[in-house]
Amino acid sequence: MPTILIVDDESGIRKSIRFGLKRSGYEIIEAACASEAVDLINNNHVDIILSDMRMPQYPDGDIDDKCGLNLLKKVKKISPNSYIIVMTAHGSIENAVEVMKEGAFDYLPKPFSMDELRIKVDKALAQMKIVNENKYLREQMKNYEGTIIGNSEAIKDVWKSIHDVAKTNVPVFINGESGVGKELVARAIHNNSQRKNNVFMAVNLGAIPGNLIESELFGHEKGAFTDAVAQRIGRFEAADGGSLFLDEIGEIDMNLHVKLLRVLQEQCFERIGGNTTIKTNVRIIAATNSKLEDKIREGKFREDLFFRINVFPIHVPPLRQRKEDISELVDHFINKYEQGLSKAFKGITPNALTALMESNWPGNIRELENVVQRMMIKGKGDYLDVKDIPGEITTLSSANFEGIVDTLFDVFNPEDGKSLWNTTMDTLAAIAFKRTKKKHAAAQLLGISKPTLYHWLKSVEG
């Protein structure tokens, strides 16, 4: 519920405005002079200030023609997010220009009708909502860039699920390992829905300290707790009319489950420290990389909440189950980063692509993206090659086998007294160490112990 402060030395005018606006559901507070207004602003969150131009600075003081203007200047310092509409019976173009220059949202000459006032107030609140949404959008888009890449059957199934559910308003539950692109799926659902022109808001619950999650989601009133120096609008309120993506929902504290369940059921909540019920029309898209069924059995997640968020489940497969998409993903990442790295590549060699496709990618697409960036930094030619792949990713693939055999024949000489087995192990140890630059990583790559690797490396060096 928006809070409006009426500042006017005439009690009749304050009463008339209060009566007219109260019927619209606003919370109204009043001040008879500038000093009272400052006190109220310092101790309350105020959305809109309706201030007279001519009024006293202090109770029972003399009327000051510039008092409203001076109050406006103070408000911009102590409550910069408040919207100010200046009222005066002595309106003139000069006064209007002056208050607008100082940051007033609008100017209303007396006498005015309640319809005129309501129009001004509604306009200010609409502008405030847009500003708040844009603020959240900028925060969310700072590090966002991407879309769902791939034409594998697994990704086609994901797209089919997205199109099936996007036009509805039911909650969606996205499950998949870390790094598979769950947020991209959530954005695709929003962008294909009737809410696409409204805000999409993402919050990673696993990255927020447990004691701050409630404030992040539902907001708080000024003074609700020690650090609550100002009112905070929560994500459910800011995402009204749009979509709210709750990533890592399995990390949310059990104490918040009831409040979250109420929002899903009744679309309403209260800020921390507040007693005003706030309505919200938001589409919930939740995600996790863990099995909530296990948490339910362990008593760490409410079963009724799970049923509420799991109306339409979508599983995003790991990269190891859709390796045919790696080629397209690599091309996408090359195009994404070549300008920032001031490098141009035509693509990736077949041998390098085969090597990438043979990795299991435990970090999924996020890991592949990082590897391609590192390859681009190292790469010198027109194409990314095997030599550019980080050592810990490189596998002894069939693409490299022919070169390894050639190396064996180059170094193997029966007259040296070394067996083919010893020569093979010496060569593999040397290649693994050259690629990984670290002995423990080379041993892990070959699947042998570090002492065994040291033995074979010593044979090469000695």
# chains A, B, ... in the order shown; residues from 1 in each chain; ligands from 1

$ residues_around --residues "His190 of chain A" --least-positions-apart "5" --cutoff "7 Å" --atoms "only C-alpha atoms" --output "number ranges by chain"
A: 166, 195-196, 200, 243

$ residues_around --residues "Lys120 of chain A" --least-positions-apart "2" --cutoff "12 Å" --atoms "only C-alpha atoms" --output "list in words"
Leu21, Ile48, Ile49, Leu50, Tyr83, Ile84, Ile85, Val86, Met87, Phe105, Asp106, Tyr107, Leu108, Pro109, Phe112, Ser113, Met114, Asp115, Glu116, Leu117, Arg118, Asp122, Lys123, Ala124, Leu125, Ala126 and Gln127 of chain A

$ residues_around --residues "Tyr337 of chain A" --least-positions-apart "2" --cutoff "10 Å" --atoms "only C-alpha atoms" --output "PyMOL selection string"
chain A and resi 332-335+339-344+369+372-373+376-377

$ select_by_dssp --residues "segment 213-315 of chain A" --states "alpha helix (DSSP H)" --output "mmCIF file with N, CA and C atoms, in the first residue's frame"
data_model
loop_
_atom_site.group_PDB
_atom_site.id
_atom_site.type_symbol
_atom_site.label_atom_id
_atom_site.label_comp_id
_atom_site.auth_asym_id
_atom_site.auth_seq_id
_atom_site.Cartn_x
_atom_site.Cartn_y
_atom_site.Cartn_z
ATOM 1 N N ILE A 213 17.215 -14.045 3.299
ATOM 2 C CA ILE A 213 16.350 -14.501 2.208
ATOM 3 C C ILE A 213 14.934 -13.950 2.345
ATOM 4 N N GLU A 214 14.381 -13.945 3.568
ATOM 5 C CA GLU A 214 13.013 -13.463 3.749
ATOM 6 C C GLU A 214 12.886 -12.002 3.328
ATOM 7 N N SER A 215 13.856 -11.176 3.721
ATOM 8 C CA SER A 215 13.826 -9.768 3.329
ATOM 9 C C SER A 215 13.981 -9.619 1.824
ATOM 10 N N GLU A 216 14.835 -10.453 1.207
ATOM 11 C CA GLU A 216 15.053 -10.395 -0.230
ATOM 12 C C GLU A 216 13.765 -10.717 -0.987
ATOM 13 N N LEU A 217 13.035 -11.698 -0.513
ATOM 14 C CA LEU A 217 11.833 -12.123 -1.225
ATOM 15 C C LEU A 217 10.614 -11.261 -0.913
ATOM 16 N N PHE A 218 10.433 -10.916 0.356
ATOM 17 C CA PHE A 218 9.185 -10.261 0.771
ATOM 18 C C PHE A 218 9.363 -8.797 1.168
ATOM 19 N N ARG A 235 11.288 -9.072 -3.794
ATOM 20 C CA ARG A 235 11.213 -9.546 -5.175
ATOM 21 C C ARG A 235 9.776 -9.880 -5.595
ATOM 22 N N PHE A 236 8.983 -10.426 -4.680
ATOM 23 C CA PHE A 236 7.602 -10.743 -5.038
ATOM 24 C C PHE A 236 6.815 -9.485 -5.388
ATOM 25 N N GLU A 237 7.099 -8.405 -4.710
ATOM 26 C CA GLU A 237 6.401 -7.148 -4.970
ATOM 27 C C GLU A 237 6.914 -6.497 -6.244
ATOM 28 N N ALA A 238 8.231 -6.519 -6.429
ATOM 29 C CA ALA A 238 8.828 -5.865 -7.594
ATOM 30 C C ALA A 238 8.514 -6.614 -8.889
ATOM 31 N N HIS A 257 9.013 -21.754 4.508
ATOM 32 C CA HIS A 257 8.173 -22.563 3.638
ATOM 33 C C HIS A 257 6.701 -22.182 3.717
ATOM 34 N N VAL A 258 6.211 -21.891 4.926
ATOM 35 C CA VAL A 258 4.789 -21.545 5.087
ATOM 36 C C VAL A 258 4.478 -20.235 4.371
ATOM 37 N N LYS A 259 5.355 -19.250 4.513
ATOM 38 C CA LYS A 259 5.124 -17.952 3.874
ATOM 39 C C LYS A 259 5.184 -18.084 2.349
ATOM 40 N N LEU A 260 6.123 -18.898 1.860
ATOM 41 C CA LEU A 260 6.230 -19.120 0.423
ATOM 42 C C LEU A 260 5.018 -19.891 -0.099
ATOM 43 N N LEU A 261 4.557 -20.835 0.674
ATOM 44 C CA LEU A 261 3.379 -21.607 0.293
ATOM 45 C C LEU A 261 2.147 -20.707 0.204
ATOM 46 N N ARG A 262 2.036 -19.750 1.120
ATOM 47 C CA ARG A 262 0.890 -18.828 1.104
ATOM 48 C C ARG A 262 0.893 -17.967 -0.155
ATOM 49 N N VAL A 263 2.088 -17.503 -0.574
ATOM 50 C CA VAL A 263 2.163 -16.692 -1.788
ATOM 51 C C VAL A 263 1.697 -17.510 -2.985
ATOM 52 N N LEU A 264 2.111 -18.762 -3.042
ATOM 53 C CA LEU A 264 1.720 -19.617 -4.157
ATOM 54 C C LEU A 264 0.219 -19.886 -4.160
ATOM 55 N N GLN A 265 -0.353 -20.012 -2.984
ATOM 56 C CA GLN A 265 -1.776 -20.346 -2.884
ATOM 57 C C GLN A 265 -2.674 -19.125 -3.017
ATOM 58 N N GLU A 266 -2.306 -18.032 -2.334
ATOM 59 C CA GLU A 266 -3.206 -16.890 -2.211
ATOM 60 C C GLU A 266 -2.695 -15.624 -2.909
ATOM 61 N N LEU A 292 14.865 -32.843 -4.554
ATOM 62 C CA LEU A 292 14.018 -32.407 -3.446
ATOM 63 C C LEU A 292 13.310 -33.577 -2.790
ATOM 64 N N GLU A 293 13.109 -34.658 -3.541
ATOM 65 C CA GLU A 293 12.479 -35.840 -2.942
ATOM 66 C C GLU A 293 13.322 -36.363 -1.775
ATOM 67 N N ASP A 294 14.652 -36.312 -1.928
ATOM 68 C CA ASP A 294 15.540 -36.740 -0.843
ATOM 69 C C ASP A 294 15.408 -35.816 0.364
ATOM 70 N N LYS A 295 15.324 -34.503 0.095
ATOM 71 C CA LYS A 295 15.182 -33.536 1.182
ATOM 72 C C LYS A 295 13.849 -33.722 1.909
ATOM 73 N N ILE A 296 12.823 -34.097 1.162
ATOM 74 C CA ILE A 296 11.509 -34.342 1.783
ATOM 75 C C ILE A 296 11.615 -35.528 2.740
ATOM 76 N N ARG A 297 12.269 -36.606 2.281
ATOM 77 C CA ARG A 297 12.427 -37.782 3.141
ATOM 78 C C ARG A 297 13.257 -37.472 4.389
ATOM 79 N N GLU A 303 6.619 -31.297 1.851
ATOM 80 C CA GLU A 303 6.051 -32.005 0.711
ATOM 81 C C GLU A 303 4.961 -31.181 0.031
ATOM 82 N N ASP A 304 4.135 -30.452 0.816
ATOM 83 C CA ASP A 304 3.064 -29.658 0.204
ATOM 84 C C ASP A 304 3.633 -28.503 -0.628
ATOM 85 N N LEU A 305 4.771 -27.946 -0.211
ATOM 86 C CA LEU A 305 5.408 -26.893 -1.010
ATOM 87 C C LEU A 305 5.956 -27.483 -2.310
ATOM 88 N N PHE A 306 6.535 -28.666 -2.219
ATOM 89 C CA PHE A 306 7.052 -29.330 -3.418
ATOM 90 C C PHE A 306 5.931 -29.555 -4.432
ATOM 91 N N PHE A 307 4.764 -30.009 -3.955
ATOM 92 C CA PHE A 307 3.650 -30.238 -4.866
ATOM 93 C C PHE A 307 3.189 -28.930 -5.519
ATOM 94 N N ARG A 308 3.289 -27.834 -4.790
ATOM 95 C CA ARG A 308 2.872 -26.534 -5.329
ATOM 96 C C ARG A 308 3.795 -26.029 -6.426
ATOM 97 N N ILE A 309 5.104 -26.243 -6.265
ATOM 98 C CA ILE A 309 6.049 -25.725 -7.268
ATOM 99 C C ILE A 309 6.251 -26.712 -8.409
#

$ residues_around --residues "Tyr454 of chain A" --least-positions-apart "3" --cutoff "9 Å" --atoms "only C-alpha atoms" --output "list in words"
Ala429, Lys439, Ala443, Ser449, Lys450, Pro451, Leu457, Lys458 and Ser459 of chain A

$ select_by_dssp --residues "segment 18-156 of chain A" --states "strand (DSSP E or B)" --output "mmCIF file with C-alpha atoms, in the first residue's frame"
data_model
loop_
_atom_site.group_PDB
_atom_site.id
_atom_site.type_symbol
_atom_site.label_atom_id
_atom_site.label_comp_id
_atom_site.auth_asym_id
_atom_site.auth_seq_id
_atom_site.Cartn_x
_atom_site.Cartn_y
_atom_site.Cartn_z
ATOM 1 C CA GLU A 27 -1.995 5.092 3.621
ATOM 2 C CA ILE A 28 -2.125 8.796 4.543
ATOM 3 C CA ILE A 29 0.037 10.741 6.985
ATOM 4 C CA GLU A 30 -0.102 14.520 7.552
ATOM 5 C CA ALA A 31 2.089 17.466 8.526
ATOM 6 C CA ILE A 48 4.527 10.523 -2.556
ATOM 7 C CA ILE A 49 4.628 13.946 -0.904
ATOM 8 C CA LEU A 50 1.833 16.430 -1.629
ATOM 9 C CA SER A 51 3.281 19.699 -0.402
ATOM 10 C CA ASP A 52 1.911 23.231 -0.305
ATOM 11 C CA MET A 55 3.338 27.413 4.666
ATOM 12 C CA PRO A 56 5.261 27.901 7.922
ATOM 13 C CA ILE A 63 3.897 31.832 6.333
ATOM 14 C CA ASP A 64 6.938 31.516 4.053
ATOM 15 C CA TYR A 83 7.958 11.662 -5.597
ATOM 16 C CA ILE A 84 6.932 15.244 -4.828
ATOM 17 C CA ILE A 85 3.855 17.014 -6.168
ATOM 18 C CA VAL A 86 3.772 20.701 -5.222
ATOM 19 C CA MET A 87 0.400 22.433 -4.564
ATOM 20 C CA THR A 88 -0.100 26.172 -4.451
ATOM 21 C CA ASP A 106 4.614 17.534 -10.922
ATOM 22 C CA TYR A 107 2.862 20.815 -10.100
ATOM 23 C CA LEU A 108 -0.800 21.264 -9.139
ATOM 24 C CA PRO A 109 -2.323 24.772 -8.816
#

$ closest_residue --among "A:Gly223, A:Pro2, A:Pro313, A:Gly68" --to "Val46 of chain A" --atoms "only C-alpha atoms"
A:Pro2

$ residues_around --residues "Gly273 of chain A" --least-positions-apart "3" --cutoff "10 Å" --atoms "only C-alpha atoms" --output "list in words"
Gly219, His220, Glu221, Lys222, Gly223, Ala224, Phe225, Ala228, Gln231, Glu270 and Thr276 of chain A

$ write_last_selection --atoms "N, CA and C atoms" --output "PDB file, in the first residue's frame"
ATOM      1  N   GLY A 219      10.613  -8.327   1.300  1.00  0.00           N
ATOM      2  CA  GLY A 219      10.843  -6.947   1.683  1.00  0.00           C
ATOM      3  C   GLY A 219      10.678  -6.729   3.181  1.00  0.00           C
ATOM      4  N   HIS A 220      10.948  -5.519   3.629  1.00  0.00           N
ATOM      5  CA  HIS A 220      10.774  -5.201   5.053  1.00  0.00           C
ATOM      6  C   HIS A 220      10.420  -3.730   5.218  1.00  0.00           C
ATOM      7  N   GLU A 221       9.842  -3.426   6.358  1.00  0.00           N
ATOM      8  CA  GLU A 221       9.524  -2.043   6.696  1.00  0.00           C
ATOM      9  C   GLU A 221      10.712  -1.411   7.420  1.00  0.00           C
ATOM     10  N   LYS A 222      10.758  -0.104   7.358  1.00  0.00           N
ATOM     11  CA  LYS A 222      11.808   0.614   8.066  1.00  0.00           C
ATOM     12  C   LYS A 222      11.717   0.326   9.569  1.00  0.00           C
ATOM     13  N   GLY A 223      12.855  -0.050  10.184  1.00  0.00           N
ATOM     14  CA  GLY A 223      12.890  -0.338  11.602  1.00  0.00           C
ATOM     15  C   GLY A 223      12.456  -1.746  11.973  1.00  0.00           C
ATOM     16  N   ALA A 224      12.228  -2.612  10.969  1.00  0.00           N
ATOM     17  CA  ALA A 224      11.776  -3.977  11.253  1.00  0.00           C
ATOM     18  C   ALA A 224      12.837  -4.768  12.008  1.00  0.00           C
ATOM     19  N   PHE A 225      14.104  -4.446  11.770  1.00  0.00           N
ATOM     20  CA  PHE A 225      15.207  -5.057  12.499  1.00  0.00           C
ATOM     21  C   PHE A 225      16.365  -4.076  12.508  1.00  0.00           C
ATOM     22  N   ALA A 228      17.531  -2.391   9.272  1.00  0.00           N
ATOM     23  CA  ALA A 228      16.468  -1.933   8.367  1.00  0.00           C
ATOM     24  C   ALA A 228      16.298  -0.424   8.483  1.00  0.00           C
ATOM     25  N   GLN A 231      12.687   1.317   4.160  1.00  0.00           N
ATOM     26  CA  GLN A 231      11.805   0.282   3.643  1.00  0.00           C
ATOM     27  C   GLN A 231      12.446  -0.383   2.427  1.00  0.00           C
ATOM     28  N   GLU A 270       2.995 -10.268   3.575  1.00  0.00           N
ATOM     29  CA  GLU A 270       3.304  -9.029   4.296  1.00  0.00           C
ATOM     30  C   GLU A 270       4.813  -8.853   4.330  1.00  0.00           C
ATOM     31  N   THR A 276       0.399  -4.777   6.639  1.00  0.00           N
ATOM     32  CA  THR A 276      -0.419  -4.552   5.455  1.00  0.00           C
ATOM     33  C   THR A 276      -0.250  -5.729   4.494  1.00  0.00           C
TER      34      THR A 276
END

$ closest_residue --among "A:Ile130, A:Ala104, A:Ala239, A:Leu212" --to "Asp227 of chain A" --atoms "only C-alpha atoms"
A:Leu212

$ residues_around --residues "Asp325 of chain A" --least-positions-apart "2" --cutoff "8 Å" --atoms "only C-alpha atoms" --output "PyMOL selection string"
chain A and resi 149-152+322-323+327-329

$ closest_residue --among "A:Asp47, A:Lys101, A:Glu338, A:Ser290" --to "Ile233 of chain A" --atoms "only C-alpha atoms"
A:Asp47
